[in-house]
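Remarks on the structure that follows.
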Amino acid sequence: MARGFFTLAFRVLTLVGRLIIVLVFKLLATLVSSNSKQPLADMASASGTQGTRAEKKTMRAVVWEGKPYEMAVRDVPRPEIIQSQDAIVRITTAAICGTDLHTYHGTFGSATPPWSMGHEAVGVIVEVGQSIEHFKVGNRVIVPFSSDCGFLSVEQRFEDQGAFYGEGSDFGSEGGAQAEYLRVPFADDSLVAIPDDFSSDLDWLFLSDVFVTAWTGLDYAHFQAGDAVAVFGAGPIGLMCAYSAILRGASKVYAIDHVRDRLDKAASIGAIPIDFSSEAGTASEQILRREPLGVERSVECVGQECLNHDLKPEQNYVIQETIRVTKYNGGIGILGLYIALGKSEGTPRGELMDKELSISIPAMFRKNLSIGSGPVNVSLYEVMPRVFELVKSGRAKLSWIVTSQVGIEDAPKAYDRFDKKLEIKVVIRFPWVREQPVQVSSEPVAEVETAGEEGSRSEEKSPVKISSGRKKPRRPSQS
Ligand SMILES: [Zn+2]
């Protein structure tokens with residue numbers, strides 16, 4: 001009897017033990033499984049990104065590491081307020097610029113990599129320094145490509161134009177805008193407020209560079225309504241230049257490129273496409289057959305890495321073409337990048353850019369041509385109020401140049417496609433849920449709504465945005 005009782009008790013205990021072991025294993029499996037389903041942001045925290053979600057100290061950014069034809073996306077320190085005139089902008093949409101491709105080719109940028117890329121963006125202010133007067137947290141803003149330098153300088157320095165985002169330490173050590181956050185120095189004079197309405201980021205993004213720059217290229221060429229214009233290059237700047245010329249009353253606009261999609265895009269807005277590699281002859285030959293005296297204005301939107309009629313590199317080719325095609329008393333604007341920085345770690349192919357280029361001064365002299373060139377100067381920013389009003393009124397619509405929208409993890413692929421001329425303009429979207437970025441798919445995210453746009457709807461009207469008075473006014477009024 002007693003023996004039977006002990007046997008039964010032993011069996012019961014064995015069964016209970018097995019049950020406990022099974023339960024422990026199931027519990028462990030559940031824990032492992034739930035951990036593997038953690039969102040990316042949490043995994044990043046667990047694997048080294050500091051702090052909790054709210055205290056995250058790093059962010060994702062497109063980074064140039066000095067390797068030609070390679071762009072990386074890395075965790076970099078999230079910017080913080082350094083001076084009381086700073087603002088921190090959470091980027092909602094950024095763009096890849098043709099200038100970025102010169103860095104991608106290893107021919108332009110600072111001597112010392114790495115640095116964060118990008119200088120075209122819109123976003124939402126998430127933090128302001130105590131001296132900021134015209135902006136507050138929650139304002140939607142355009143980030144023009146160059147920040148104010150803050151002080152009146154009497155010395156001739158490159159930095160007189162302000163510092164450029166996304167070009168590394170030799171250009172002011174500003175951060176890049178192809179990132180989740182950007183520190184904007186002297187924010188009262190470096191940002192443009194977006195009216196609080198239901199407009200899309202893409203309505204405003206191209207006031208950060210391409211539309212303003214393209215518009216100014218016509219000013220460089222002394223454009224007047226009624227002029228015929230030849231725009232060399234139908235990339236983003238060239239297309240925006242052709243568009244600006246049409247808006248400003250050009251009698252004819254020739255758009256010159258060799259990429260079919262770009263020429264088609266130019267034709268779609270009413271420009272006359274000219275394929276400079278065609279058997280019909282060079283661009284100047286083709287245009288001069290139609291305009292025997294030439295066009296009043298030419299704008300160069302390609303830069304020193306340009307190609308000739310045979311699609312071979314020839315660094316002075318396009319400038320020479322502008323001289324050939326521009327008529328007596330005409331004007332030439334040069335917006336493309338002409339800069340020879342030499343070889344460095346940051347510009348490993350910089351020596352390919354000739355420091356001197358020969359152009360035909362006698363031809364220019366004989367035709368009485370004038371020429372304007374260079375990066376759009378901050379002091380020319382009085383153009384911004386005019387182009388701003390065109391966008392605000394709906395007269396200028398700029399998003400038609402966009403061919404792809406991607407998440408930041410796909411930026412390297414987008415650089416490659418843009419470089420291969422498979423894209424005209426790529427924008428990087430940053431969809432947000434409250435303060436946290438979410439993983440974006442590699443598919444285009446055309447209809448993604450950013451928290452910035454969403455958030456702005458609950459904000460009250462932006463304050464009137466005018467210059468602080470420290471320097472001459474050069475930002476648009478938002479009234
Ligand atoms: Zn740009």
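Residue numbering restarts at 1 for every chain of the structure tokens, chains are lettered A, B, ... in their displayed order, and ligands are numbered from 1 as they appear.
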
Contacts of chain A with ligand 1 up to 7 Å, shortest pair per row, only C-alpha atoms and all ligand atoms, as a tab-separated table:
```
residue	atom	partner	partner_atom_place_in_ligand_line	distance
A:Cys97	CA	ligand 1	1 (Zn)	4.3
A:Gly98	CA	ligand 1	1 (Zn)	6.4
A:Thr99	CA	ligand 1	1 (Zn)	5.8
A:His119	CA	ligand 1	1 (Zn)	6.0
A:Glu120	CA	ligand 1	1 (Zn)	5.8
A:Phe145	CA	ligand 1	1 (Zn)	6.7
A:Asp209	CA	ligand 1	1 (Zn)	5.1
A:Val210	CA	ligand 1	1 (Zn)	5.9
```

*Mind listing the helix (DSSP H, G or I) residues of stretch 296-385 of chain A, per DSSP on the backbone, as a ChimeraX atom specification?*
/A:317-325,350-352,361-366,378-380,383-385

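Between atom CA of A:Arg260 and atom CA of A:Gly238 the interatomic distance comes to 14.3 Å.
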
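In terms of minimum interatomic distance to A:Asp410, A:Gln178 ranks closest within A:Ile125, A:Gln178, A:Leu390, A:Gly374, counting only C-alpha atoms.
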
*Do you know which residues are at most 6 Å from A:Arg90 counting only C-alpha atoms, after dropping those on the same chain fewer than 4 positions away, and could you put them as a PyMOL selection string?*
chain A and resi 123-124+180-181

_One-decimal distance in Å that lies between atom CA of A:Ala245 and atom CA of A:Ser277_ = 23.8 Å

*Determine the nearest neighbour of A:Thr103 from the options A:Leu341, A:Ile334, A:Ile82, A:Cys306, counting only C-alpha atoms.*
A:Leu341

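Of the residues in stretch 100-201 of chain A, those given strand (DSSP E or B) by DSSP on the backbone are Trp115, Ser116, Glu120, Ala121, Val122, Gly123, Val124, Ile125, Val126, Glu127, Val128, Arg140, Val141, Ile142, Val143, Ser146, Ser147, Ala163, Phe164, Ala179, Tyr181, Leu182, Arg183, Val184, Val192 and Ala193 of chain A.
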
Kindly save the residues from that selection, with N, CA and C atoms included, as a PDB file, in the first residue's frame.
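Output contents, as saved in selection.pdb:
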```pdb
ATOM      1  N   TRP A 115      31.660  63.830 -43.966  1.00  0.00           N
ATOM      2  CA  TRP A 115      30.703  64.857 -43.579  1.00  0.00           C
ATOM      3  C   TRP A 115      29.309  64.474 -44.053  1.00  0.00           C
ATOM      4  N   SER A 116      28.315  65.092 -43.418  1.00  0.00           N
ATOM      5  CA  SER A 116      26.919  64.830 -43.787  1.00  0.00           C
ATOM      6  C   SER A 116      26.561  65.636 -45.017  1.00  0.00           C
ATOM      7  N   GLU A 120      19.328  70.975 -49.430  1.00  0.00           N
ATOM      8  CA  GLU A 120      17.989  71.379 -49.875  1.00  0.00           C
ATOM      9  C   GLU A 120      16.977  70.660 -48.990  1.00  0.00           C
ATOM     10  N   ALA A 121      16.197  71.419 -48.213  1.00  0.00           N
ATOM     11  CA  ALA A 121      15.284  70.736 -47.292  1.00  0.00           C
ATOM     12  C   ALA A 121      14.164  71.646 -46.810  1.00  0.00           C
ATOM     13  N   VAL A 122      13.112  71.005 -46.355  1.00  0.00           N
ATOM     14  CA  VAL A 122      12.079  71.664 -45.563  1.00  0.00           C
ATOM     15  C   VAL A 122      11.845  70.806 -44.328  1.00  0.00           C
ATOM     16  N   GLY A 123      11.348  71.426 -43.284  1.00  0.00           N
ATOM     17  CA  GLY A 123      11.131  70.670 -42.057  1.00  0.00           C
ATOM     18  C   GLY A 123      10.328  71.455 -41.046  1.00  0.00           C
ATOM     19  N   VAL A 124      10.399  70.977 -39.807  1.00  0.00           N
ATOM     20  CA  VAL A 124       9.642  71.579 -38.712  1.00  0.00           C
ATOM     21  C   VAL A 124      10.620  71.932 -37.596  1.00  0.00           C
ATOM     22  N   ILE A 125      10.485  73.115 -37.046  1.00  0.00           N
ATOM     23  CA  ILE A 125      11.373  73.504 -35.946  1.00  0.00           C
ATOM     24  C   ILE A 125      10.996  72.733 -34.684  1.00  0.00           C
ATOM     25  N   VAL A 126      11.988  72.099 -34.075  1.00  0.00           N
ATOM     26  CA  VAL A 126      11.714  71.342 -32.846  1.00  0.00           C
ATOM     27  C   VAL A 126      12.398  71.970 -31.629  1.00  0.00           C
ATOM     28  N   GLU A 127      13.278  72.916 -31.872  1.00  0.00           N
ATOM     29  CA  GLU A 127      13.971  73.546 -30.746  1.00  0.00           C
ATOM     30  C   GLU A 127      14.502  74.894 -31.210  1.00  0.00           C
ATOM     31  N   VAL A 128      14.418  75.906 -30.375  1.00  0.00           N
ATOM     32  CA  VAL A 128      15.003  77.201 -30.738  1.00  0.00           C
ATOM     33  C   VAL A 128      15.891  77.705 -29.610  1.00  0.00           C
ATOM     34  N   ARG A 140       6.708  75.339 -39.643  1.00  0.00           N
ATOM     35  CA  ARG A 140       7.268  74.677 -40.833  1.00  0.00           C
ATOM     36  C   ARG A 140       8.185  75.667 -41.528  1.00  0.00           C
ATOM     37  N   VAL A 141       9.295  75.199 -41.996  1.00  0.00           N
ATOM     38  CA  VAL A 141      10.269  76.117 -42.589  1.00  0.00           C
ATOM     39  C   VAL A 141      10.937  75.535 -43.833  1.00  0.00           C
ATOM     40  N   ILE A 142      11.350  76.457 -44.716  1.00  0.00           N
ATOM     41  CA  ILE A 142      12.250  76.127 -45.816  1.00  0.00           C
ATOM     42  C   ILE A 142      13.659  76.400 -45.300  1.00  0.00           C
ATOM     43  N   VAL A 143      14.590  75.506 -45.616  1.00  0.00           N
ATOM     44  CA  VAL A 143      15.994  75.714 -45.224  1.00  0.00           C
ATOM     45  C   VAL A 143      16.783  76.061 -46.489  1.00  0.00           C
ATOM     46  N   SER A 146      22.188  77.920 -47.968  1.00  0.00           N
ATOM     47  CA  SER A 146      23.306  78.577 -47.310  1.00  0.00           C
ATOM     48  C   SER A 146      22.759  79.349 -46.124  1.00  0.00           C
ATOM     49  N   SER A 147      23.401  79.190 -44.982  1.00  0.00           N
ATOM     50  CA  SER A 147      22.896  79.905 -43.806  1.00  0.00           C
ATOM     51  C   SER A 147      23.481  81.304 -43.757  1.00  0.00           C
ATOM     52  N   ALA A 163      27.527  80.112 -44.636  1.00  0.00           N
ATOM     53  CA  ALA A 163      28.073  78.759 -44.688  1.00  0.00           C
ATOM     54  C   ALA A 163      27.134  77.867 -45.477  1.00  0.00           C
ATOM     55  N   PHE A 164      27.716  76.883 -46.152  1.00  0.00           N
ATOM     56  CA  PHE A 164      26.898  75.961 -46.947  1.00  0.00           C
ATOM     57  C   PHE A 164      26.680  74.667 -46.167  1.00  0.00           C
ATOM     58  N   ALA A 179      19.340  64.386 -43.618  1.00  0.00           N
ATOM     59  CA  ALA A 179      19.456  63.804 -42.280  1.00  0.00           C
ATOM     60  C   ALA A 179      18.155  64.075 -41.542  1.00  0.00           C
ATOM     61  N   TYR A 181      17.754  65.519 -38.625  1.00  0.00           N
ATOM     62  CA  TYR A 181      17.737  66.837 -37.985  1.00  0.00           C
ATOM     63  C   TYR A 181      18.861  67.695 -38.545  1.00  0.00           C
ATOM     64  N   LEU A 182      18.681  69.011 -38.441  1.00  0.00           N
ATOM     65  CA  LEU A 182      19.718  69.943 -38.894  1.00  0.00           C
ATOM     66  C   LEU A 182      19.765  71.128 -37.932  1.00  0.00           C
ATOM     67  N   ARG A 183      20.978  71.503 -37.550  1.00  0.00           N
ATOM     68  CA  ARG A 183      21.125  72.740 -36.776  1.00  0.00           C
ATOM     69  C   ARG A 183      21.242  73.904 -37.748  1.00  0.00           C
ATOM     70  N   VAL A 184      20.424  74.930 -37.550  1.00  0.00           N
ATOM     71  CA  VAL A 184      20.457  76.102 -38.422  1.00  0.00           C
ATOM     72  C   VAL A 184      20.985  77.282 -37.622  1.00  0.00           C
ATOM     73  N   VAL A 192      13.121  80.360 -43.864  1.00  0.00           N
ATOM     74  CA  VAL A 192      11.943  81.005 -44.445  1.00  0.00           C
ATOM     75  C   VAL A 192      10.720  80.237 -43.956  1.00  0.00           C
ATOM     76  N   ALA A 193       9.787  80.958 -43.356  1.00  0.00           N
ATOM     77  CA  ALA A 193       8.600  80.282 -42.814  1.00  0.00           C
ATOM     78  C   ALA A 193       7.651  79.872 -43.933  1.00  0.00           C
TER      79      ALA A 193
END
```

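Separating atom CA of A:Lys136 from atom CA of A:Gly172 is a distance of 24.9 Å.
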